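> Provided below: query.txt, containing compact mmCIF, C-alpha atoms and all ligand atoms.
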```txt
# COMPACT_ATOMS: atom_id res chain seq x y z
CA PHE S 87 -64.16 -32.86 -8.79
CA GLU S 88 -62.10 -33.94 -11.78
CA PRO S 89 -64.06 -34.45 -15.02
CA ALA S 90 -63.52 -37.94 -16.41
CA GLY S 91 -61.16 -38.21 -19.37
CA PRO S 92 -62.55 -38.79 -22.87
CA LYS S 93 -63.86 -42.20 -23.75
CA PRO S 94 -62.66 -43.81 -26.95
CA ILE S 95 -64.71 -43.08 -30.07
CA ARG S 96 -65.95 -46.20 -31.81
CA LYS S 97 -68.06 -46.81 -34.89
CA LEU S 98 -71.56 -48.08 -34.27
CA THR S 99 -72.24 -51.45 -35.76
CA LYS S 100 -74.44 -51.73 -38.85
CA ASP S 101 -77.23 -53.28 -36.82
CA VAL S 102 -77.29 -50.47 -34.26
CA ILE S 103 -77.25 -47.86 -37.04
CA ASN S 104 -80.13 -49.57 -38.80
CA GLN S 105 -82.17 -49.93 -35.64
CA ILE S 106 -81.78 -46.25 -34.90
CA ALA S 107 -82.82 -45.41 -38.46
CA ALA S 108 -85.79 -47.77 -38.28
CA ALA S 109 -87.06 -46.04 -35.16
CA GLU S 110 -86.77 -42.71 -36.94
CA ILE S 111 -88.64 -43.76 -40.08
CA ILE S 112 -91.29 -46.02 -38.57
CA HIS S 113 -92.72 -44.05 -35.65
CA ARG S 114 -95.94 -46.00 -35.55
CA PRO S 115 -97.96 -48.50 -37.59
CA ALA S 116 -99.45 -45.77 -39.80
CA ASN S 117 -95.95 -44.79 -41.00
CA ALA S 118 -95.30 -48.37 -42.05
CA ILE S 119 -98.59 -48.48 -43.93
CA LYS S 120 -97.78 -45.26 -45.75
CA GLU S 121 -94.44 -46.67 -46.90
CA LEU S 122 -95.99 -49.96 -47.96
CA LEU S 123 -98.87 -48.43 -49.89
CA GLU S 124 -96.52 -46.02 -51.64
CA ASN S 125 -94.49 -49.05 -52.75
CA SER S 126 -97.67 -50.63 -54.08
CA LEU S 127 -98.52 -47.48 -56.01
CA ASP S 128 -94.95 -47.29 -57.33
CA ALA S 129 -95.42 -50.85 -58.59
CA GLY S 130 -98.40 -49.71 -60.68
CA SER S 131 -101.05 -51.43 -58.58
CA THR S 132 -104.75 -50.90 -59.22
CA SER S 133 -105.84 -52.94 -56.23
CA ILE S 134 -104.45 -52.41 -52.75
CA LYS S 135 -105.83 -54.32 -49.76
CA ILE S 136 -104.73 -53.75 -46.22
CA THR S 137 -105.44 -55.98 -43.24
CA VAL S 138 -104.62 -54.91 -39.70
CA LYS S 139 -104.59 -56.61 -36.31
CA ASP S 140 -104.35 -54.70 -33.01
CA GLY S 141 -103.91 -51.35 -34.66
CA GLY S 142 -101.08 -52.77 -36.77
CA LEU S 143 -98.94 -53.70 -33.80
CA LYS S 144 -99.71 -57.41 -34.18
CA LEU S 145 -100.10 -57.55 -37.95
CA LEU S 146 -99.95 -55.32 -41.00
CA GLN S 147 -100.58 -56.94 -44.32
CA ILE S 148 -100.78 -55.31 -47.72
CA THR S 149 -101.74 -57.13 -50.89
CA ASP S 150 -101.31 -55.47 -54.27
CA ASN S 151 -101.59 -56.41 -57.91
CA GLY S 152 -98.53 -54.46 -59.04
CA HIS S 153 -95.59 -55.60 -61.14
CA GLY S 154 -94.11 -57.72 -58.37
CA ILE S 155 -90.45 -58.26 -57.53
CA ASN S 156 -87.99 -60.37 -59.50
CA LYS S 157 -86.85 -63.43 -57.61
CA ALA S 158 -83.24 -62.42 -58.21
CA ASP S 159 -83.85 -59.15 -56.31
CA LEU S 160 -85.30 -60.77 -53.20
CA PRO S 161 -81.96 -61.14 -51.39
CA LEU S 162 -81.48 -57.34 -51.55
CA LEU S 163 -85.11 -56.38 -50.94
CA CYS S 164 -84.81 -55.43 -47.26
CA GLU S 165 -81.25 -54.22 -47.34
CA ARG S 166 -80.92 -50.58 -46.37
CA TYR S 167 -80.25 -48.19 -49.30
CA ALA S 168 -81.19 -50.82 -51.87
CA THR S 169 -83.71 -49.49 -54.37
CA SER S 170 -84.88 -49.99 -57.94
CA LYS S 171 -86.01 -46.35 -58.18
CA LEU S 172 -82.93 -44.15 -57.99
CA HIS S 173 -79.42 -44.62 -59.31
CA LYS S 174 -77.81 -41.20 -59.38
CA PHE S 175 -78.33 -38.23 -57.09
CA GLU S 176 -79.45 -36.17 -60.10
CA ASP S 177 -82.34 -38.59 -60.64
CA LEU S 178 -83.99 -36.84 -57.70
CA GLN S 179 -84.74 -33.93 -60.04
CA GLN S 180 -87.10 -35.98 -62.14
CA LEU S 181 -88.36 -38.53 -59.72
CA GLY S 182 -91.52 -40.32 -60.81
CA THR S 183 -91.87 -42.52 -57.76
CA TYR S 184 -92.68 -42.10 -54.08
CA GLY S 185 -89.69 -44.15 -53.02
CA PHE S 186 -86.05 -43.47 -53.69
CA ARG S 187 -84.17 -44.00 -50.44
CA GLY S 188 -84.46 -47.76 -50.20
CA GLU S 189 -85.04 -47.52 -46.48
CA ALA S 190 -88.63 -48.46 -45.83
CA LEU S 191 -88.55 -52.22 -46.07
CA ALA S 192 -85.17 -52.29 -44.37
CA SER S 193 -86.57 -50.26 -41.49
CA ILE S 194 -89.66 -52.39 -41.21
CA SER S 195 -87.50 -55.54 -41.17
CA TYR S 196 -85.50 -54.03 -38.30
CA CYS S 197 -88.57 -53.64 -36.11
CA SER S 198 -90.89 -56.48 -37.13
CA HIS S 199 -90.97 -59.93 -38.74
CA VAL S 200 -91.42 -59.49 -42.48
CA GLU S 201 -92.71 -61.99 -44.99
CA VAL S 202 -92.99 -61.25 -48.70
CA VAL S 203 -94.82 -63.27 -51.32
CA THR S 204 -94.45 -61.93 -54.82
CA LYS S 205 -95.08 -62.92 -58.41
CA THR S 206 -94.28 -61.08 -61.61
CA LYS S 207 -96.27 -61.61 -64.81
CA ASN S 208 -93.46 -63.77 -66.18
CA ASP S 209 -93.05 -66.01 -63.13
CA GLY S 210 -94.65 -69.45 -63.33
CA CYS S 211 -95.22 -69.35 -59.57
CA GLY S 212 -94.82 -66.93 -56.73
CA TRP S 213 -91.86 -66.67 -54.36
CA LYS S 214 -91.94 -66.38 -50.62
CA ALA S 215 -89.19 -64.86 -48.54
CA ASN S 216 -88.76 -64.01 -44.86
CA TYR S 217 -86.63 -61.22 -43.49
CA GLN S 218 -85.02 -60.16 -40.26
CA ASP S 219 -82.81 -57.13 -39.73
CA GLY S 220 -82.34 -56.53 -43.43
CA VAL S 221 -81.52 -60.05 -44.53
CA LEU S 222 -83.28 -63.09 -45.93
CA ILE S 223 -83.77 -65.72 -43.25
CA PRO S 224 -85.04 -69.29 -43.31
CA ALA S 225 -88.82 -69.58 -42.95
CA LYS S 226 -88.25 -72.37 -40.40
CA PRO S 227 -85.19 -73.33 -38.42
CA GLY S 228 -83.06 -75.71 -40.46
CA ALA S 229 -84.35 -74.55 -43.84
CA GLY S 230 -82.21 -72.50 -46.22
CA PRO S 231 -82.63 -68.73 -46.42
CA GLU S 232 -83.43 -68.68 -50.15
CA PRO S 233 -86.93 -67.77 -51.42
CA LYS S 234 -89.35 -70.69 -51.65
CA PRO S 235 -91.93 -71.30 -54.39
CA ALA S 236 -95.43 -70.34 -53.29
CA ALA S 237 -98.89 -70.09 -54.75
CA ALA S 238 -99.58 -66.44 -55.58
CA ASN S 239 -101.43 -64.04 -57.81
CA ASP S 240 -99.50 -61.46 -59.82
CA GLY S 241 -98.39 -58.76 -57.40
CA THR S 242 -96.98 -58.63 -53.93
CA VAL S 243 -98.15 -59.47 -50.42
CA ILE S 244 -96.10 -58.00 -47.61
CA THR S 245 -96.77 -58.99 -44.02
CA ALA S 246 -95.17 -57.35 -41.02
CA GLU S 247 -95.83 -58.98 -37.66
CA ASP S 248 -95.15 -57.90 -34.10
CA LEU S 249 -94.12 -54.37 -34.91
CA PHE S 250 -91.61 -52.99 -32.36
CA TYR S 251 -91.20 -56.42 -30.72
CA ASN S 252 -87.54 -55.44 -30.19
CA MET S 253 -88.24 -51.85 -29.09
CA PRO S 254 -90.06 -52.31 -25.80
CA LEU S 255 -90.07 -48.61 -24.93
CA ARG S 256 -91.73 -47.66 -28.17
CA LYS S 257 -94.14 -50.54 -27.99
CA ARG S 258 -95.29 -49.57 -24.53
CA ALA S 259 -96.01 -46.03 -25.71
CA PHE S 260 -98.98 -47.23 -27.76
CA LYS S 261 -101.89 -47.07 -25.38
CA SER S 262 -104.71 -47.78 -27.77
CA PRO S 263 -104.77 -50.10 -30.78
CA SER S 264 -107.96 -48.42 -31.94
CA ASP S 265 -106.16 -45.07 -31.99
CA GLU S 266 -103.45 -46.58 -34.15
CA TYR S 267 -106.05 -48.18 -36.39
CA ASN S 268 -107.72 -44.80 -36.86
CA ARG S 269 -104.41 -43.30 -37.94
CA ILE S 270 -104.04 -46.09 -40.47
CA LEU S 271 -107.56 -45.45 -41.75
CA ASP S 272 -106.71 -41.76 -42.02
CA VAL S 273 -103.65 -42.39 -44.20
CA VAL S 274 -105.41 -44.95 -46.39
CA THR S 275 -108.44 -42.66 -46.79
CA LYS S 276 -106.27 -39.81 -47.99
CA TYR S 277 -104.35 -41.93 -50.46
CA ALA S 278 -107.60 -43.46 -51.72
CA ILE S 279 -108.98 -40.00 -52.41
CA HIS S 280 -105.83 -38.93 -54.18
CA ASN S 281 -105.46 -42.20 -56.10
CA PRO S 282 -109.04 -43.07 -57.01
CA HIS S 283 -107.93 -45.05 -60.07
CA ALA S 284 -107.03 -47.90 -57.70
CA ALA S 285 -109.44 -49.99 -55.63
CA TRP S 286 -108.66 -49.72 -51.92
CA VAL S 287 -109.68 -51.95 -49.05
CA CYS S 288 -108.73 -51.61 -45.42
CA LYS S 289 -110.05 -53.84 -42.70
CA LYS S 290 -109.35 -55.40 -39.36
CA ALA S 291 -108.22 -59.02 -39.55
CA GLY S 292 -111.07 -61.42 -38.96
CA THR S 293 -113.85 -59.01 -39.87
CA ALA S 294 -115.87 -59.39 -43.02
CA LEU S 295 -116.87 -55.78 -43.45
CA PRO S 296 -114.05 -53.48 -44.53
CA ASP S 297 -113.80 -49.99 -43.07
CA ILE S 298 -112.54 -48.65 -46.37
CA SER S 299 -113.65 -50.01 -49.68
CA THR S 300 -113.47 -48.19 -52.99
CA THR S 301 -113.86 -49.41 -56.53
CA VAL S 302 -111.29 -49.36 -59.29
CA GLY S 303 -111.59 -46.36 -61.60
CA SER S 304 -113.51 -44.25 -59.08
CA THR S 305 -113.10 -40.47 -58.75
CA ALA S 306 -111.74 -38.30 -55.98
CA LYS S 307 -115.19 -36.90 -55.35
CA ALA S 308 -116.90 -40.28 -55.23
CA ASN S 309 -114.27 -41.45 -52.75
CA ILE S 310 -114.75 -38.33 -50.63
CA ALA S 311 -118.46 -39.12 -50.56
CA SER S 312 -117.94 -42.71 -49.48
CA LEU S 313 -115.02 -42.17 -47.10
CA TYR S 314 -116.01 -38.86 -45.49
CA SER S 315 -119.65 -38.17 -46.21
CA PRO S 316 -122.01 -37.72 -49.13
CA SER S 317 -123.16 -34.37 -47.79
CA LEU S 318 -119.60 -33.08 -47.65
CA ALA S 319 -118.95 -34.23 -51.21
CA ALA S 320 -122.14 -32.56 -52.38
CA GLU S 321 -121.24 -29.18 -51.00
CA LEU S 322 -117.56 -29.13 -51.92
CA LEU S 323 -116.34 -26.36 -54.15
CA ASP S 324 -114.22 -27.26 -57.10
CA VAL S 325 -110.80 -25.64 -57.27
CA PRO S 326 -110.16 -26.18 -60.96
CA LEU S 327 -106.68 -26.86 -62.26
CA THR S 328 -104.99 -23.48 -61.86
CA THR S 329 -101.53 -22.31 -62.77
CA LEU S 330 -100.12 -20.44 -59.82
CA GLN S 331 -98.88 -16.95 -60.62
CA PRO S 332 -96.31 -15.75 -61.49
CA GLU S 333 -96.11 -18.82 -63.67
CA ASN S 334 -92.45 -18.61 -64.72
CA LYS S 335 -91.24 -18.11 -61.22
CA LEU S 336 -93.37 -20.67 -59.42
CA GLY S 337 -93.71 -23.43 -62.01
CA ALA S 338 -96.67 -24.86 -60.14
CA LYS S 339 -100.27 -25.84 -60.60
CA CYS S 340 -102.94 -26.62 -58.10
CA ARG S 341 -106.19 -28.58 -58.13
CA GLY S 342 -108.56 -29.54 -55.39
CA TRP S 343 -111.84 -29.50 -53.52
CA VAL S 344 -112.64 -27.32 -50.55
CA SER S 345 -115.62 -26.93 -48.26
CA ASN S 346 -117.78 -23.86 -48.68
CA ALA S 347 -118.24 -20.94 -46.33
CA ASN S 348 -121.14 -22.56 -44.51
CA SER S 349 -119.82 -25.85 -43.35
CA ASN S 350 -117.79 -26.64 -40.30
CA TRP S 351 -115.51 -29.63 -40.40
CA ALA S 352 -113.69 -28.80 -37.19
CA ARG S 353 -114.48 -32.11 -35.60
CA LYS S 354 -114.13 -34.36 -38.62
CA GLY S 355 -110.75 -32.87 -39.47
CA GLY S 356 -110.27 -32.58 -43.15
CA TRP S 357 -106.86 -31.54 -44.31
CA LEU S 358 -105.39 -33.30 -47.34
CA LEU S 359 -102.34 -31.68 -48.86
CA PHE S 360 -100.49 -33.45 -51.62
CA ILE S 361 -97.40 -31.98 -53.20
CA ASN S 362 -96.28 -33.86 -56.30
CA ASN S 363 -98.56 -36.65 -55.12
CA ARG S 364 -96.94 -36.93 -51.73
CA LEU S 365 -99.07 -36.52 -48.64
CA VAL S 366 -97.17 -33.81 -46.79
CA GLU S 367 -97.47 -31.53 -43.81
CA SER S 368 -97.10 -27.82 -44.22
CA VAL S 369 -97.98 -25.73 -41.24
CA LYS S 370 -97.50 -22.58 -43.29
CA ILE S 371 -99.93 -23.56 -46.04
CA LYS S 372 -102.45 -24.82 -43.52
CA LYS S 373 -102.32 -21.60 -41.51
CA ALA S 374 -102.66 -19.46 -44.62
CA ILE S 375 -105.73 -21.31 -45.90
CA GLU S 376 -107.31 -21.38 -42.45
CA ALA S 377 -106.74 -17.66 -42.14
CA LEU S 378 -108.61 -17.17 -45.39
CA TYR S 379 -111.59 -19.09 -44.04
CA THR S 380 -111.78 -17.07 -40.85
CA ALA S 381 -113.39 -14.37 -42.97
CA TYR S 382 -116.17 -16.82 -43.83
CA LEU S 383 -116.55 -19.27 -40.98
CA PRO S 384 -117.70 -18.72 -37.40
CA LYS S 385 -114.99 -18.71 -34.75
CA GLY S 386 -113.63 -22.16 -33.98
CA ALA S 387 -114.95 -23.69 -37.20
CA SER S 388 -112.61 -25.35 -39.67
CA PRO S 389 -112.78 -25.96 -43.37
CA TRP S 390 -112.32 -29.25 -45.17
CA VAL S 391 -109.53 -28.88 -47.68
CA TYR S 392 -108.06 -31.18 -50.28
CA LEU S 393 -105.35 -29.55 -52.37
CA SER S 394 -103.01 -31.16 -54.79
CA LEU S 395 -100.01 -29.12 -55.86
CA GLU S 396 -97.79 -30.02 -58.78
CA ILE S 397 -94.49 -28.23 -58.57
CA ASP S 398 -91.77 -28.37 -61.21
CA PRO S 399 -89.45 -31.08 -59.79
CA ALA S 400 -86.48 -28.76 -60.36
CA LYS S 401 -87.97 -26.34 -57.81
CA ILE S 402 -88.71 -28.76 -55.03
CA ASP S 403 -86.59 -30.79 -52.66
CA VAL S 404 -88.27 -33.93 -51.41
CA ASN S 405 -85.16 -35.17 -49.71
CA VAL S 406 -85.63 -33.29 -46.45
CA HIS S 407 -86.50 -36.07 -44.09
CA PRO S 408 -86.57 -39.87 -44.30
CA THR S 409 -90.32 -39.96 -43.82
CA LYS S 410 -90.69 -37.44 -46.68
CA SER S 411 -93.58 -35.85 -44.82
CA GLU S 412 -91.96 -32.50 -45.39
CA VAL S 413 -90.78 -31.02 -48.66
CA HIS S 414 -89.01 -27.77 -49.38
CA PHE S 415 -89.74 -25.69 -52.44
CA LEU S 416 -88.54 -22.42 -53.89
CA ASN S 417 -90.48 -19.16 -53.50
CA GLU S 418 -92.58 -20.56 -50.68
CA ASP S 419 -94.22 -17.28 -49.69
CA GLU S 420 -95.32 -16.39 -53.20
CA MET S 421 -96.50 -19.91 -53.78
CA ILE S 422 -98.68 -19.76 -50.69
CA GLU S 423 -100.02 -16.36 -51.63
CA SER S 424 -101.05 -17.56 -55.05
CA LEU S 425 -102.52 -20.72 -53.59
CA VAL S 426 -104.62 -18.70 -51.15
CA ASP S 427 -105.79 -16.50 -54.05
CA THR S 428 -106.87 -19.58 -55.95
CA VAL S 429 -108.91 -20.95 -53.05
CA GLN S 430 -110.33 -17.50 -52.44
CA THR S 431 -111.54 -17.36 -56.03
CA ALA S 432 -113.36 -20.66 -55.56
CA LEU S 433 -114.93 -19.41 -52.33
CA ALA S 434 -115.86 -16.01 -53.69
CA GLY S 435 -117.34 -17.53 -56.84
CA ALA S 436 -119.54 -19.72 -54.72
CA ASN S 437 -120.71 -16.77 -52.64
CA VAL S 438 -121.61 -14.76 -55.73
CA SER S 439 -123.69 -17.55 -57.18
CA ARG S 440 -125.40 -18.12 -53.86
CA SER S 441 -126.45 -14.51 -53.33
CA PHE S 442 -127.62 -14.48 -56.92
CA THR S 443 -129.83 -17.51 -56.29
CA VAL S 444 -131.22 -15.93 -53.15
CA GLN S 445 -132.23 -12.79 -55.02
CA THR S 446 -134.16 -14.54 -57.78
P1 LIG S 501 -87.81 -47.50 -52.08
O1 LIG S 501 -89.30 -47.50 -52.23
O2 LIG S 501 -87.29 -46.19 -51.56
O3 LIG S 501 -87.09 -47.99 -53.27
P2 LIG S 501 -88.32 -49.62 -50.18
O4 LIG S 501 -87.53 -50.14 -49.03
O5 LIG S 501 -89.65 -49.08 -49.89
O6 LIG S 501 -87.43 -48.54 -50.89
O7 LIG S 501 -88.43 -50.78 -51.26
C1 LIG S 501 -87.26 -51.36 -51.79
C2 LIG S 501 -87.50 -51.92 -53.19
O8 LIG S 501 -88.38 -53.04 -53.10
C3 LIG S 501 -88.20 -50.95 -54.14
O9 LIG S 501 -87.26 -50.11 -54.79
C4 LIG S 501 -88.91 -51.90 -55.09
O10 LIG S 501 -88.05 -52.31 -56.13
C5 LIG S 501 -89.21 -53.11 -54.23
N1 LIG S 501 -90.61 -53.16 -53.74
C6 LIG S 501 -91.04 -52.86 -52.50
N2 LIG S 501 -92.37 -53.04 -52.37
C7 LIG S 501 -92.81 -53.46 -53.58
C8 LIG S 501 -94.10 -53.81 -54.11
N3 LIG S 501 -95.21 -53.76 -53.36
N4 LIG S 501 -94.17 -54.22 -55.41
C9 LIG S 501 -93.04 -54.27 -56.17
N5 LIG S 501 -91.80 -53.95 -55.74
C10 LIG S 501 -91.68 -53.54 -54.46
MG MG S 502 -90.64 -47.37 -50.69
```
Kindly transcribe the structure held in the file into structure tokens.
Ligand code: ADP
Ligand code: MG


Amino acid sequence: FEPAGPKPIRKLTKDVINQIAAAEIIHRPANAIKELLENSLDAGSTSIKITVKDGGLKLLQITDNGHGINKADLPLLCERYATSKLHKFEDLQQLGTYGFRGEALASISYCSHVEVVTKTKNDGCGWKANYQDGVLIPAKPGAGPEPKPAAANDGTVITAEDLFYNMPLRKRAFKSPSDEYNRILDVVTKYAIHNPHAAWVCKKAGTALPDISTTVGSTAKANIASLYSPSLAAELLDVPLTTLQPENKLGAKCRGWVSNANSNWARKGGWLLFINNRLVESVKIKKAIEALYTAYLPKGASPWVYLSLEIDPAKIDVNVHPTKSEVHFLNEDEMIESLVDTVQTALAGANVSRSFTVQT
């Protein structure tokens, strides 16, 4: 047996590279929604409406009232690594936006049919543009690829149809549209709680009654009551804005709401962790907080936890993964320790006041 000789090395084409990247960034409809709603928030929107068909696999549409997109920028909109949010690498140290990689719309255009209708305050009318694989395409065969005038309100409507139409393997992996829809609801719920200043709507196409509906200028707690349950909201303990210690080293604050020692949210699953306003996963933080609750809750029970951490941007690296669902920060162990202390104080305070009430 003679091993075969080496094959020639060749560069992948741009389209193959972008398709691979798209598959990495957009795992499922809920990832696309997260990217799209972050763009709407970045655009300063106070109203964000999401419509979904077949769990997002047939249609995802998001309508916002943000600052819109200049017509002149539409040709670049879905090009990979094209962004209005970052210019220099150092800008990452004081990033004020969710986006910065310029990859989301490109990725979505590489795995679905994208249509954008947008209008800025200064536009006399809106502009409509269609995209495929990163580039502007004609809306109909024979037409030119340039944006067309369209009736529109100020803001942006982005529609993505037939997600994964060109990735049959991935498409087949989705067994249940209602599962995918629930994941979308989960993401929108969490962002609505963390961004209560905006009005949020999420519904299935063709239904009158939205599954998520919040009002503009609401509060986190009011949105928890309407999106999880009033009884949960009523019993939540306030974790007031706390500077994590040691202050100079950590450069971080935390704020949140957590369930008390009596309630069990194991089945409703409540875990909302935002770091610098990004919804992130942190197995370490989750484990540490859950460990704290084991002292209070019966075996198998879980707390409901919403924590928002603000870390000095110089101490945190958000550029870990294209989906940004993971961030790295300095002094992780001490940060977690101080965070656990803070939640413990909220829990202990509640226990003291309860035993006091019982005694009187
Ligand atoms: P990023 O958010 O990382 O910049 P995206 O691919 O998500 O990359 O978006 C590309 C650009 O399109 C953004 O930088 C922004 O200028 C513009 N954009 C996308 N969505 C919206 C929106 N809803 N409203 C206004 N501008 C938007
Ligand atoms: Mg973005």

> Would you be able to write out as a list in words which residues have an atom within 12 Å of (-100.7, -70.3, -52.0) in the file's coordinates, counting only C-alpha atoms?

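So the residues meeting the distance criterion are Val203, Thr204, Lys205, Cys211, Gly212, Trp213, Lys214, Lys234, Pro235, Ala236, Ala237, Ala238, Asn239, Asp240 and Val243 of chain S.
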
> How would the residues just picked look written out with C-alpha atoms as an mmCIF file, keeping the file's coordinate frame?


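Listed below is the output, result-v3.cif:
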```cif
data_model
loop_
_atom_site.group_PDB
_atom_site.id
_atom_site.type_symbol
_atom_site.label_atom_id
_atom_site.label_comp_id
_atom_site.auth_asym_id
_atom_site.auth_seq_id
_atom_site.Cartn_x
_atom_site.Cartn_y
_atom_site.Cartn_z
ATOM 1 C CA VAL S 203 -94.820 -63.270 -51.320
ATOM 2 C CA THR S 204 -94.450 -61.930 -54.820
ATOM 3 C CA LYS S 205 -95.080 -62.920 -58.410
ATOM 4 C CA CYS S 211 -95.220 -69.350 -59.570
ATOM 5 C CA GLY S 212 -94.820 -66.930 -56.730
ATOM 6 C CA TRP S 213 -91.860 -66.670 -54.360
ATOM 7 C CA LYS S 214 -91.940 -66.380 -50.620
ATOM 8 C CA LYS S 234 -89.350 -70.690 -51.650
ATOM 9 C CA PRO S 235 -91.930 -71.300 -54.390
ATOM 10 C CA ALA S 236 -95.430 -70.340 -53.290
ATOM 11 C CA ALA S 237 -98.890 -70.090 -54.750
ATOM 12 C CA ALA S 238 -99.580 -66.440 -55.580
ATOM 13 C CA ASN S 239 -101.430 -64.040 -57.810
ATOM 14 C CA ASP S 240 -99.500 -61.460 -59.820
ATOM 15 C CA VAL S 243 -98.150 -59.470 -50.420
#
```

> With only C-alpha atoms and all ligand atoms as the basis for distance, which of S:Gly185, S:Pro408, S:Pro326, S:Gly342 is at the shortest distance from ligand MG 502 (chain S)?

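For ligand MG 502 (chain S), the nearest of the candidates is S:Gly185.
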
> Counting all atoms listed in the file, what residues are within 6 Å of ligand MG 502 (chain S), given as a PyMOL selection string?

chain S and resi 121+125+185+190

> Within 8 Å of ligand LIG 501 (chain S), which residues of chain S show up? Give each one with its shortest atom-to-atom distance in Å (one decimal) and the two atoms involved, counting all atoms listed in the file, rows by chain then rising residue number, as CSV.


```
residue,atom,partner,partner_atom,distance
S:Glu121,CA,S:LIG501,O5,6.1
S:Leu122,CA,S:LIG501,N2,6.5
S:Leu123,CA,S:LIG501,N3,7.3
S:Glu124,CA,S:LIG501,O1,7.4
S:Asn125,CA,S:LIG501,N2,4.5
S:Ser126,CA,S:LIG501,N3,4.0
S:Leu127,CA,S:LIG501,N3,7.6
S:Asp128,CA,S:LIG501,N4,7.2
S:Ala129,CA,S:LIG501,N4,4.8
S:Thr149,CA,S:LIG501,N3,7.8
S:Asp150,CA,S:LIG501,N3,6.4
S:Gly152,CA,S:LIG501,N4,5.7
S:His153,CA,S:LIG501,C9,5.7
S:Gly154,CA,S:LIG501,C9,4.2
S:Ile155,CA,S:LIG501,N5,4.9
S:Leu163,CA,S:LIG501,O8,5.1
S:Cys164,CA,S:LIG501,O4,6.2
S:Glu165,CA,S:LIG501,O4,7.7
S:Arg166,CA,S:LIG501,O4,7.1
S:Tyr167,CA,S:LIG501,O6,7.4
S:Ala168,CA,S:LIG501,C1,6.1
S:Thr169,CA,S:LIG501,O9,3.6
S:Ser170,CA,S:LIG501,O9,3.9
S:Lys171,CA,S:LIG501,O9,5.2
S:Leu172,CA,S:LIG501,O3,7.4
S:Thr183,CA,S:LIG501,O1,7.9
S:Tyr184,CA,S:LIG501,O1,6.6
S:Gly185,CA,S:LIG501,O1,3.5
S:Phe186,CA,S:LIG501,O2,3.7
S:Arg187,CA,S:LIG501,O2,4.0
S:Gly188,CA,S:LIG501,O6,3.1
S:Glu189,CA,S:LIG501,O4,4.4
S:Ala190,CA,S:LIG501,O4,3.8
S:Leu191,CA,S:LIG501,O4,3.8
S:Ala192,CA,S:LIG501,O4,5.6
S:Ser193,CA,S:LIG501,O4,7.6
S:Thr204,CA,S:LIG501,N4,7.7
S:Gly241,CA,S:LIG501,N4,6.5
S:Thr242,CA,S:LIG501,N3,5.2
S:Val243,CA,S:LIG501,N3,7.1
S:Ile244,CA,S:LIG501,N3,7.2
```

> Please, which residues are within 7 Å of (-92.4, -63.4, -45.9) by the file's coordinates, counting all atoms listed in the file, and could they come as a ChimeraX atom specification?

/S:200-203,214-217,244-245

> Name all residues at most 10 Å from S:His280 (count only C-alpha atoms; drop same-chain ones fewer than 4 positions away) and give them as a list in words.

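Residues meeting the cut-off are Val274, Thr275, Lys276, Ala284, Thr305, Ala306, Lys307, Asn309, Ile310, Gly342, Leu358, Leu359, Phe360, Asn363, Arg364, Leu365, Tyr392, Leu393 and Ser394 of chain S.
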
> Report, in Å with one decimal, the straight-line distance from atom CA of S:Asp272 to atom CA of S:Lys135.

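Going from atom CA of S:Asp272 over to atom CA of S:Lys135, I get 14.8 Å.
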
> Point out the residue among S:Met421, S:Cys197, S:Val138, S:Ala90 with the least atom-to-atom distance to S:Arg256, counting only C-alpha atoms.

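Once distances to S:Arg256 are computed over only C-alpha atoms, the minimum belongs to S:Cys197.
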
> Would you mind telling me which residue in S:Asn350, S:Gln179, S:Ser133, S:Ser317 lies nearest to S:Gly303 when using all atoms listed in the file?

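Closest to S:Gly303, using all atoms listed in the file: S:Ser133.
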
> Select, from S:Ala158, S:Leu178, S:Ala291, S:Ala278, the residue with the minimum atom-to-atom distance to S:Asp140, counting all atoms listed in the file.

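Distance minimum relative to S:Asp140 lands on S:Ala291.
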
> Of the residues S:Ser195, S:Asn417, S:Asn117, S:Thr328, which is the one nearest to S:Cys340, using all atoms listed in the file?

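Closest residue, counting all atoms listed in the file: S:Thr328.
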
> May I ask for the distance between atom CA of S:Met253 and atom CA of S:Val413, given in Å to one decimal place?

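Between atom CA of S:Met253 and atom CA of S:Val413 the gap works out to 28.7 Å.
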
> Would you compute the distance between atom CA of S:Ala434 and atom CA of S:Asn346? Give it in Å to one decimal.

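Rounded to one decimal, the two atoms are 9.5 Å apart.
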
> Which residue out of S:Glu412, S:Ala319, S:Gly210, S:Asp419 has the minimum interatomic distance to S:Glu367 when only C-alpha atoms are used?

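So, comparing all the options, the nearest one is S:Glu412.
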
> Which residues are near S:Ala116? Cut-off 10 Å, only C-alpha atoms, ignore same chain within fewer than 4 positions. Put them as a list in words.

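After dropping sequence-adjacent residues, the list is Ile112, Lys120, Glu121, Leu122, Gly141, Gly142, Leu143, Leu146, Glu266, Tyr267, Asn268, Arg269, Ile270, Leu271, Asp272, Val273 and Val274 of chain S.
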
> Print the selection's residues with C-alpha atoms to a file, as a short mmCIF file (atom, residue, chain, number, x, y, z; two decimals), in the coordinates of the input.


```
data_model
loop_
_atom_site.label_atom_id
_atom_site.label_comp_id
_atom_site.auth_asym_id
_atom_site.auth_seq_id
_atom_site.Cartn_x
_atom_site.Cartn_y
_atom_site.Cartn_z
CA ILE S 112 -91.29 -46.02 -38.57
CA LYS S 120 -97.78 -45.26 -45.75
CA GLU S 121 -94.44 -46.67 -46.90
CA LEU S 122 -95.99 -49.96 -47.96
CA GLY S 141 -103.91 -51.35 -34.66
CA GLY S 142 -101.08 -52.77 -36.77
CA LEU S 143 -98.94 -53.70 -33.80
CA LEU S 146 -99.95 -55.32 -41.00
CA GLU S 266 -103.45 -46.58 -34.15
CA TYR S 267 -106.05 -48.18 -36.39
CA ASN S 268 -107.72 -44.80 -36.86
CA ARG S 269 -104.41 -43.30 -37.94
CA ILE S 270 -104.04 -46.09 -40.47
CA LEU S 271 -107.56 -45.45 -41.75
CA ASP S 272 -106.71 -41.76 -42.02
CA VAL S 273 -103.65 -42.39 -44.20
CA VAL S 274 -105.41 -44.95 -46.39
#
```
